[in-house]
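Have a look at the structure below before the remarks.
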Amino acid sequence: MGRAEERRARQRGGRRAAPKSHRSPSTAGASTATATPTAPGSPAPGGRAAARGRSAPGGKPAKGRIRRLFTWKKVLGTFFGLCLLAIGGFVVLYLMVPIPEGNVAAKQESNVYEYANGDVLARSGKVNRESVSLAKVPKDVQHTFVAAENKTFYHDSGVDLRGTARGLLNTLSGKGAQGGSTITQQYVKNYYLTQNQTVTRKLKELVISLKVDQKLTKEQILAGYINTSYYGRGAYGIQAAAQAYYHVDASRLSVQQGAYLAALLQAPSQYDWAVASPTGKKLAKARWNYVLDNMVKQHWLDAGKRQGLVFPVPKAPKGAPGLEGQKGYLIELANKQLEQKLMKDEGISASQAEAEVVGRGWTITLNIDKKKQAALENAVKDQLTSKLNPKKRKVDGNVQAGAVSVDPRTGKIVALYGGQDYFKHYYSNATRDDYQPASTFKPVILAAALDEQAKTQDGLPIDANTVYDGTSGRQAVDHGTKVGFGPPNEDHVDYGKITVQTAMNKSVNSVFAQMGIDVGMEKVMSVAGKLGMDTKGMQAVPAQTLGSMGASPLEMAGIYATLDNHGKKVTPTIVARAENNTRQVRMDDPIGDPVISREAADTVTSVLTGVVDDGTAKVSVAGNPLRAGQQVAGKTGTSDGNKSAWFTGYTPDLVTSVGLFGEDPKPPNAHVSLQGATGLLPPPGRVNGGGYPAQIWAAYTFGVTDRAKFDLETTQGAAVQPSATPSPSQSVSETPSSSPSSSSPSASQSPSRTPSQSPSRTPSQSPSSQTPSQTPSSQPPTGDISPQNPLDPAGG
């Protein structure tokens, strides 16, 4: 065989052809293995394909066929074909998609807000927008926006292909929106399109941005961008923003003020200094620094001047017309919850969602019950604000009230009180979370103990009858080791050996500090999160047993509503539905799955009835003449330094959390004491949870609820083991004459649990003989407890 034939044979069979035999015909029938020698290094007769049994039809190996199918020429050709197809498609799209007429003014329409019954609550009013020419905006202020959003703006083609491709992939994969758009793209989105995160919209944005960049100058594009962007506080455009945040025209903005406005565009509500959380303020400052540092890098700002710039704290906001009284607070929460829904469903950012809600012609129906709303406002006025006289007493000007009322069966927010007036106090006291909930957190600790089936240091189950050492300042222990935490009780009262029920009634700090250690603070905080508290960033430390974290009346109402709803998660919701001319939005079901067992939730409810009938809320709630036998559970709370006072309580069909907060009305609005407000006289002059908060709660709740009984699946707690029958005829001014434990559910029962304490610590007196009533010097104050001087006799 010649070389050409051998080469063709290799191409056909993948190996060298065997040479012709020179043997005689007589040997032709001999074995191929002996008659046909193989070339050195060649495979054995039959080849690998035969050995593996994977020869293609006709004897051709499968591997060779795959190689012929995916040759580099075919792969390369396919790739170039797809590229040409994509380019062709884009050319067609470019030719077919025109620059539409700008319709931003048409899209900015007043929103209409309705009560649950359909009556109009408010209209958001005319959209606050005024365009100004770029010539009236200082050059360095113009540069702040470029430095914040698109450093290559002055020399790019108007699009960020990498960012757009990433956005398309995220949209297709359902990961939501991400940054990366140029100023041109953002202007196109604001002025020509919508914020909807769809592939079609993104492709249109890309095409129109390229065309706009060809048609308009960079100055025209920048002017359009800063005049159509949403800055928060209802302000569209830089002129409205300058007035809203600094009370000046855009032409008078400083570079540091411009940097703040540019920073706002990333998250208007979150970065608004007037309502931002500590984290939000930190992020806003970081963004402000980022903008100015970028200006230095771009040589738009002198480094020396940059070092001397101080953060420009914005002015206090002004309420928009038509939002006076409680309307602004209701609308603010409604907008926020609708924005959160759009972010979840459409994958848009916070700033995009806010721009889609404010002034977009929505009709938003709230869950607010018109009658209950009026009743709550009247209760706050009658029980508190009518008694405040800031001209006579400076402390009265520091009192802020907030309340949220929720139907536990539906999760609907039926009433809300955010402050005396939205124009006078822009920050809603109903949703603020910068004050301690204090002892209203104690039911969460008990819920965690019951749901986790926790045990004391002695290995005994924790329940309503478990006995703890209630000595004030007692050091909490963890299996014989002191944890360095021994909180005093209110007025340093020593209660000795008491049951959990009595400890809840009297709000005994030392007992719940030890219970938190017994359960494990990680588990306590986990259950708090399940019940509805925002525990992100909170440390699981013993001090949290005193409710030292921040919480809002909205959060506390949700937690107690979940307890009232037998452990099924309740997420308080103010929006029933929303619709405009392009879409309808239905809110998620406020009622979720069980987060703790029904037995645990019902046991906590049962225990909390004792707080009302025999504890710190007895005077204002149990003794209220409007009660008429209504069954009630609840908990008082008074924070350290008397900076906040709470009562969160519930009936079977209504949960309401009321909080009072001490706030200096002058910036930076520091937390201050409520002591002495309304003329309360020492000692001690405190505004406790069992005073005004409980009175507001009772005046409101007993006027809007029907008599009902709790449906509880538990054998524990005051509701099923009462020590005394509540009397509806008790006077509001009644002063309890009993000792701290004489009226508790456990007083007539033999303790069924062993005290939970360190083996190395012995109570100072015999457990069998020591009772609070035998220690006159430790007796809680029992002064005049009248509506004019509503002290909480046992703290909270």
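Chain identifiers are assigned as A, B, and so on, following the order in which chains appear in the structure tokens; residues are numbered from 1 within each chain, and ligands are numbered from 1 in order of appearance.
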
Select from region 478-570 of chain A every residue with an atom at most 12 Å from any atom of region 592-604 of chain A, then for each give the shortest pair of atoms and their distance in Å to one decimal, using only C-alpha atoms, rows by chain and rising number, as CSV.
residue,atom,partner,partner_atom,distance
A:Val500,CA,A:Val604,CA,10.8
A:Gln501,CA,A:Val604,CA,9.6
A:Met504,CA,A:Val604,CA,9.9
A:Asn505,CA,A:Val604,CA,11.9
A:Ser526,CA,A:Val595,CA,10.6
A:Val527,CA,A:Ile596,CA,7.9
A:Ala528,CA,A:Val595,CA,10.1
A:Gly529,CA,A:Val595,CA,9.7
A:Lys530,CA,A:Val595,CA,5.9
A:Leu531,CA,A:Val595,CA,6.7
A:Gly532,CA,A:Val595,CA,9.7
A:Gly558,CA,A:Gly592,CA,11.9
A:Ile559,CA,A:Ala601,CA,10.6
A:Tyr560,CA,A:Ala601,CA,9.4
A:Ala561,CA,A:Ala601,CA,10.2
A:Thr562,CA,A:Ala601,CA,7.9
A:Leu563,CA,A:Ala601,CA,4.9
A:Asp564,CA,A:Ala601,CA,7.3
A:Asn565,CA,A:Ala601,CA,8.1
A:His566,CA,A:Arg598,CA,4.8
A:Gly567,CA,A:Ile596,CA,5.0
A:Lys568,CA,A:Pro594,CA,3.8
A:Lys569,CA,A:Gly592,CA,4.8
A:Val570,CA,A:Gly592,CA,6.3

Could those residues be written to a file, using N, CA, C and O atoms, as a short mmCIF file (atom, residue, chain, number, x, y, z; two decimals), in the first residue's frame?
data_model
loop_
_atom_site.label_atom_id
_atom_site.label_comp_id
_atom_site.auth_asym_id
_atom_site.auth_seq_id
_atom_site.Cartn_x
_atom_site.Cartn_y
_atom_site.Cartn_z
N VAL A 500 -43.93 32.97 87.97
CA VAL A 500 -43.81 33.73 86.72
C VAL A 500 -45.04 34.59 86.51
O VAL A 500 -44.94 35.73 86.04
N GLN A 501 -46.22 34.07 86.88
CA GLN A 501 -47.44 34.86 86.74
C GLN A 501 -47.36 36.16 87.53
O GLN A 501 -47.62 37.25 87.02
N MET A 504 -44.87 38.61 86.03
CA MET A 504 -45.41 39.33 84.89
C MET A 504 -46.37 40.42 85.36
O MET A 504 -46.34 41.55 84.87
N ASN A 505 -47.21 40.09 86.34
CA ASN A 505 -48.15 41.08 86.86
C ASN A 505 -47.42 42.32 87.37
O ASN A 505 -47.84 43.45 87.13
N SER A 526 -34.58 35.09 68.44
CA SER A 526 -35.13 34.39 67.28
C SER A 526 -36.65 34.39 67.31
O SER A 526 -37.31 34.66 66.30
N VAL A 527 -37.22 34.11 68.47
CA VAL A 527 -38.68 34.13 68.61
C VAL A 527 -39.21 35.55 68.42
O VAL A 527 -40.26 35.75 67.80
N ALA A 528 -38.48 36.54 68.91
CA ALA A 528 -38.89 37.94 68.72
C ALA A 528 -38.99 38.25 67.22
O ALA A 528 -39.94 38.91 66.78
N GLY A 529 -38.01 37.78 66.45
CA GLY A 529 -38.05 38.00 65.01
C GLY A 529 -39.21 37.29 64.35
O GLY A 529 -39.87 37.84 63.46
N LYS A 530 -39.51 36.07 64.80
CA LYS A 530 -40.64 35.33 64.24
C LYS A 530 -41.96 36.02 64.54
O LYS A 530 -42.88 36.02 63.71
N LEU A 531 -42.06 36.62 65.71
CA LEU A 531 -43.31 37.27 66.11
C LEU A 531 -43.52 38.60 65.39
O LEU A 531 -44.64 39.10 65.33
N GLY A 532 -42.44 39.18 64.84
CA GLY A 532 -42.62 40.41 64.07
C GLY A 532 -41.69 41.54 64.39
O GLY A 532 -41.79 42.62 63.79
N GLY A 558 -47.97 44.32 66.06
CA GLY A 558 -47.88 43.09 65.28
C GLY A 558 -47.51 41.89 66.14
O GLY A 558 -48.04 40.78 65.96
N ILE A 559 -46.58 42.08 67.09
CA ILE A 559 -46.16 40.98 67.97
C ILE A 559 -47.34 40.51 68.81
O ILE A 559 -47.62 39.30 68.91
N TYR A 560 -48.04 41.45 69.44
CA TYR A 560 -49.17 41.07 70.30
C TYR A 560 -50.35 40.54 69.49
O TYR A 560 -51.11 39.70 69.97
N ALA A 561 -50.50 41.02 68.26
CA ALA A 561 -51.56 40.48 67.40
C ALA A 561 -51.28 39.03 67.06
O ALA A 561 -52.21 38.21 66.96
N THR A 562 -50.02 38.68 66.89
CA THR A 562 -49.66 37.28 66.64
C THR A 562 -49.97 36.41 67.85
O THR A 562 -50.44 35.27 67.72
N LEU A 563 -49.73 36.93 69.05
CA LEU A 563 -50.11 36.21 70.26
C LEU A 563 -51.63 36.07 70.34
O LEU A 563 -52.15 34.98 70.65
N ASP A 564 -52.34 37.14 70.04
CA ASP A 564 -53.80 37.13 70.08
C ASP A 564 -54.38 36.17 69.04
O ASP A 564 -55.44 35.58 69.25
N ASN A 565 -53.66 36.00 67.94
CA ASN A 565 -54.12 35.13 66.86
C ASN A 565 -53.60 33.71 67.02
O ASN A 565 -53.40 32.99 66.04
N HIS A 566 -53.33 33.32 68.26
CA HIS A 566 -52.95 31.95 68.60
C HIS A 566 -51.64 31.50 67.96
O HIS A 566 -51.45 30.33 67.67
N GLY A 567 -50.73 32.44 67.74
CA GLY A 567 -49.41 32.09 67.21
C GLY A 567 -49.27 32.20 65.72
O GLY A 567 -48.17 32.02 65.19
N LYS A 568 -50.36 32.50 65.00
CA LYS A 568 -50.27 32.71 63.55
C LYS A 568 -49.74 34.12 63.28
O LYS A 568 -50.26 35.08 63.82
N LYS A 569 -48.75 34.21 62.41
CA LYS A 569 -48.07 35.48 62.17
C LYS A 569 -49.03 36.52 61.61
O LYS A 569 -49.74 36.28 60.63
N VAL A 570 -49.03 37.69 62.24
CA VAL A 570 -49.82 38.82 61.77
C VAL A 570 -48.88 39.94 61.36
O VAL A 570 -48.05 40.38 62.16
#

Per DSSP on the backbone, filter region 438-686 of chain A down to the residues in strand (DSSP E or B) and report them as a CSV table (one decimal) with N, CA, C and O atoms, in the first residue's frame.
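Dumped everything to selection-v2.csv:
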chain,number,residue,atom,x,y,z
A,455,LYS,N,-36.0,25.2,80.2
A,455,LYS,CA,-36.0,24.8,81.6
A,455,LYS,C,-35.2,25.8,82.4
A,455,LYS,O,-34.3,26.5,81.9
A,461,PRO,N,-39.2,22.6,84.0
A,461,PRO,CA,-39.9,23.4,82.9
A,461,PRO,C,-40.3,24.8,83.3
A,461,PRO,O,-40.8,25.0,84.5
A,467,VAL,N,-41.4,29.1,89.9
A,467,VAL,CA,-41.0,30.0,91.0
A,467,VAL,C,-39.6,30.5,90.7
A,467,VAL,O,-38.7,29.7,90.5
A,468,TYR,N,-39.4,31.8,90.7
A,468,TYR,CA,-38.1,32.5,90.6
A,468,TYR,C,-37.8,33.4,91.8
A,468,TYR,O,-38.7,33.7,92.5
A,469,ASP,N,-36.6,33.8,91.9
A,469,ASP,CA,-36.2,34.7,92.9
A,469,ASP,C,-36.4,36.1,92.4
A,469,ASP,O,-35.7,36.5,91.5
A,477,VAL,N,-27.5,34.1,86.6
A,477,VAL,CA,-26.4,33.1,86.6
A,477,VAL,C,-26.7,32.1,85.4
A,477,VAL,O,-27.8,31.9,85.0
A,478,ASP,N,-25.6,31.6,84.9
A,478,ASP,CA,-25.7,30.6,83.9
A,478,ASP,C,-25.0,29.3,84.3
A,478,ASP,O,-23.8,29.3,84.3
A,481,THR,N,-22.4,30.2,87.0
A,481,THR,CA,-21.6,31.4,86.7
A,481,THR,C,-22.4,32.6,86.5
A,481,THR,O,-23.3,32.7,85.8
A,482,LYS,N,-22.0,33.7,87.3
A,482,LYS,CA,-22.7,34.9,87.1
A,482,LYS,C,-22.4,35.6,85.8
A,482,LYS,O,-21.2,35.6,85.4
A,497,LYS,N,-39.5,35.0,96.6
A,497,LYS,CA,-39.9,33.9,95.8
A,497,LYS,C,-41.3,34.1,95.2
A,497,LYS,O,-42.2,34.2,95.9
A,498,ILE,N,-41.4,34.3,93.9
A,498,ILE,CA,-42.6,34.5,93.2
A,498,ILE,C,-42.8,33.7,92.0
A,498,ILE,O,-41.8,33.3,91.4
A,499,THR,N,-44.0,33.4,91.6
A,499,THR,CA,-44.2,32.7,90.3
A,499,THR,C,-44.0,33.6,89.1
A,499,THR,O,-44.0,34.8,89.2
A,551,ALA,N,-38.0,49.8,69.2
A,551,ALA,CA,-39.2,49.2,68.6
A,551,ALA,C,-40.2,50.2,68.4
A,551,ALA,O,-40.2,51.3,69.1
A,568,LYS,N,-50.4,32.5,65.0
A,568,LYS,CA,-50.3,32.7,63.6
A,568,LYS,C,-49.7,34.1,63.3
A,568,LYS,O,-50.3,35.1,63.8
A,569,LYS,N,-48.7,34.2,62.4
A,569,LYS,CA,-48.1,35.5,62.2
A,569,LYS,C,-49.0,36.5,61.6
A,569,LYS,O,-49.7,36.3,60.6
A,570,VAL,N,-49.0,37.7,62.2
A,570,VAL,CA,-49.8,38.8,61.8
A,570,VAL,C,-48.9,39.9,61.4
A,570,VAL,O,-48.1,40.4,62.2
A,573,THR,N,-51.2,45.6,58.2
A,573,THR,CA,-51.2,46.2,56.8
A,573,THR,C,-52.2,47.3,56.8
A,573,THR,O,-53.4,47.1,57.1
A,575,VAL,N,-52.8,49.1,53.7
A,575,VAL,CA,-53.3,49.2,52.4
A,575,VAL,C,-54.2,47.9,52.0
A,575,VAL,O,-53.7,46.8,52.2
A,576,ALA,N,-55.4,48.2,51.6
A,576,ALA,CA,-56.3,47.1,51.2
A,576,ALA,C,-56.0,46.8,49.7
A,576,ALA,O,-55.9,45.6,49.3
A,577,ARG,N,-56.0,47.8,48.9
A,577,ARG,CA,-55.7,47.6,47.5
A,577,ARG,C,-55.3,49.0,46.9
A,577,ARG,O,-55.6,50.0,47.5
A,578,ALA,N,-54.8,48.9,45.7
A,578,ALA,CA,-54.3,50.1,45.0
A,578,ALA,C,-54.5,49.9,43.5
A,578,ALA,O,-54.2,48.8,43.0
A,579,GLU,N,-54.9,50.9,42.8
A,579,GLU,CA,-55.0,50.8,41.3
A,579,GLU,C,-54.8,52.2,40.7
A,579,GLU,O,-55.1,53.2,41.3
A,584,GLN,N,-53.4,47.1,38.8
A,584,GLN,CA,-54.0,46.9,40.1
A,584,GLN,C,-53.0,46.2,41.0
A,584,GLN,O,-52.3,45.3,40.5
A,585,VAL,N,-53.0,46.5,42.2
A,585,VAL,CA,-52.1,45.9,43.2
A,585,VAL,C,-52.9,45.3,44.3
A,585,VAL,O,-53.7,46.0,45.0
A,586,ARG,N,-52.8,44.0,44.6
A,586,ARG,CA,-53.4,43.4,45.7
A,586,ARG,C,-52.3,43.1,46.7
A,586,ARG,O,-51.3,42.4,46.4
A,591,ILE,N,-52.2,37.6,57.2
A,591,ILE,CA,-52.1,36.5,58.1
A,591,ILE,C,-51.3,35.4,57.5
A,591,ILE,O,-51.5,34.9,56.4
A,592,GLY,N,-50.3,35.0,58.3
A,592,GLY,CA,-49.3,34.0,57.8
A,592,GLY,C,-49.5,32.7,58.5
A,592,GLY,O,-50.5,32.4,59.2
A,593,ASP,N,-48.5,31.9,58.4
A,593,ASP,CA,-48.4,30.6,59.1
A,593,ASP,C,-48.1,30.7,60.6
A,593,ASP,O,-47.6,31.8,61.0
A,594,PRO,N,-48.4,29.7,61.4
A,594,PRO,CA,-48.0,29.7,62.8
A,594,PRO,C,-46.5,29.9,63.0
A,594,PRO,O,-45.7,29.2,62.3
A,633,ALA,N,-56.1,41.4,77.9
A,633,ALA,CA,-54.7,41.0,78.2
A,633,ALA,C,-53.8,42.1,77.7
A,633,ALA,O,-54.1,42.8,76.8
A,634,GLY,N,-52.7,42.3,78.4
A,634,GLY,CA,-51.8,43.4,78.0
A,634,GLY,C,-50.6,43.5,78.9
A,634,GLY,O,-50.4,42.8,79.9
A,635,LYS,N,-49.7,44.5,78.6
A,635,LYS,CA,-48.5,44.7,79.4
A,635,LYS,C,-48.1,46.1,79.3
A,635,LYS,O,-48.1,46.8,78.3
A,636,THR,N,-47.7,46.6,80.5
A,636,THR,CA,-47.1,48.0,80.6
A,636,THR,C,-45.6,48.0,80.4
A,636,THR,O,-45.0,46.9,80.4
A,637,GLY,N,-45.1,49.1,80.2
A,637,GLY,CA,-43.6,49.3,80.0
A,637,GLY,C,-43.2,50.7,80.3
A,637,GLY,O,-43.8,51.6,79.8
A,638,THR,N,-42.1,50.8,81.0
A,638,THR,CA,-41.5,52.2,81.3
A,638,THR,C,-40.0,52.0,81.2
A,638,THR,O,-39.4,51.3,81.9
A,644,SER,N,-39.6,56.7,77.7
A,644,SER,CA,-40.7,56.2,77.0
A,644,SER,C,-41.6,55.4,78.0
A,644,SER,O,-41.1,54.9,79.0
A,645,ALA,N,-42.9,55.4,77.7
A,645,ALA,CA,-43.9,54.6,78.5
A,645,ALA,C,-44.9,54.0,77.5
A,645,ALA,O,-45.3,54.6,76.6
A,646,TRP,N,-45.2,52.7,77.8
A,646,TRP,CA,-46.0,52.0,76.9
A,646,TRP,C,-47.2,51.2,77.6
A,646,TRP,O,-47.1,50.8,78.7
A,647,PHE,N,-48.2,51.0,76.8
A,647,PHE,CA,-49.2,49.9,77.1
A,647,PHE,C,-49.6,49.3,75.8
A,647,PHE,O,-50.2,50.0,74.9
A,648,THR,N,-49.4,48.0,75.7
A,648,THR,CA,-49.8,47.3,74.5
A,648,THR,C,-50.8,46.2,75.1
A,648,THR,O,-50.4,45.4,75.9
A,649,GLY,N,-52.0,46.3,74.6
A,649,GLY,CA,-53.0,45.4,75.2
A,649,GLY,C,-54.0,44.9,74.1
A,649,GLY,O,-54.0,45.5,73.0
A,650,TYR,N,-54.8,43.9,74.4
A,650,TYR,CA,-55.7,43.4,73.4
A,650,TYR,C,-56.9,42.7,74.0
A,650,TYR,O,-56.8,42.2,75.1
A,651,THR,N,-57.9,42.7,73.2
A,651,THR,CA,-59.1,41.9,73.5
A,651,THR,C,-59.1,40.8,72.4
A,651,THR,O,-58.3,40.8,71.5
A,654,LEU,N,-59.3,43.0,69.0
A,654,LEU,CA,-58.6,44.2,68.7
A,654,LEU,C,-57.3,44.3,69.5
A,654,LEU,O,-57.3,44.1,70.7
A,655,VAL,N,-56.2,44.7,68.8
A,655,VAL,CA,-54.9,44.9,69.5
A,655,VAL,C,-54.5,46.3,69.3
A,655,VAL,O,-54.5,46.8,68.1
A,656,THR,N,-54.0,47.0,70.3
A,656,THR,CA,-53.6,48.4,70.2
A,656,THR,C,-52.4,48.6,71.1
A,656,THR,O,-52.3,48.2,72.2
A,657,SER,N,-51.4,49.2,70.5
A,657,SER,CA,-50.1,49.5,71.2
A,657,SER,C,-50.0,51.1,71.2
A,657,SER,O,-50.1,51.7,70.2
A,658,VAL,N,-49.9,51.6,72.5
A,658,VAL,CA,-49.8,53.0,72.7
A,658,VAL,C,-48.4,53.3,73.3
A,658,VAL,O,-48.0,52.6,74.3
A,659,GLY,N,-47.7,54.2,72.8
A,659,GLY,CA,-46.4,54.6,73.3
A,659,GLY,C,-46.3,56.1,73.5
A,659,GLY,O,-46.8,56.9,72.7
A,660,LEU,N,-45.7,56.5,74.6
A,660,LEU,CA,-45.4,57.9,74.8
A,660,LEU,C,-43.8,58.1,74.8
A,660,LEU,O,-43.1,57.3,75.4
A,661,PHE,N,-43.4,59.1,74.2
A,661,PHE,CA,-41.9,59.3,74.0
A,661,PHE,C,-41.5,60.7,74.3
A,661,PHE,O,-42.2,61.7,74.0
A,662,GLY,N,-40.4,60.8,75.1
A,662,GLY,CA,-39.8,62.1,75.4
A,662,GLY,C,-38.9,62.6,74.4
A,662,GLY,O,-37.8,61.9,74.2
A,663,GLU,N,-39.2,63.6,73.7
A,663,GLU,CA,-38.3,64.1,72.6
A,663,GLU,C,-38.2,65.6,72.6
A,663,GLU,O,-39.1,66.4,72.7
A,671,HIS,N,-33.5,62.3,72.9
A,671,HIS,CA,-34.4,61.6,73.8
A,671,HIS,C,-34.3,62.3,75.2
A,671,HIS,O,-33.2,62.4,75.7

From A:Glu339, A:Lys136, A:Tyr700, A:Lys189, residue lying nearest Gln239 (chain A) [only C-alpha atoms]: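 Between A:Glu339, A:Lys136, A:Tyr700, A:Lys189, the residue approaching Gln239 (chain A) most closely is A:Lys136.
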
Point-to-point distance in Å for CA of Asn398 (chain A) and CA of Ala677 (chain A):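 Those two atoms sit 8.5 Å apart.
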
Distance in Å - CA of Ser351 (chain A) versus CA of Gly280 (chain A): 13.8 Å

Selection near His143 (chain A), 9 Å with only C-alpha atoms, sequence-local residues under 6 positions removed, as number ranges by chain: A: 255, 258-259, 295, 300

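Candidate residues A:Thr440, A:Gln142, A:Ser269, A:Gln352 were compared for distance to Gly224 (chain A), and the nearest is A:Gln142, using only C-alpha atoms.
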
All residues 9 Å or closer to region 284-289 of chain A, only C-alpha atoms, same chain fewer than 2 positions away omitted, as a PyMOL selection string: chain A and resi 148+256+259-264+266-267+270-273+276+279-282+291-294+311
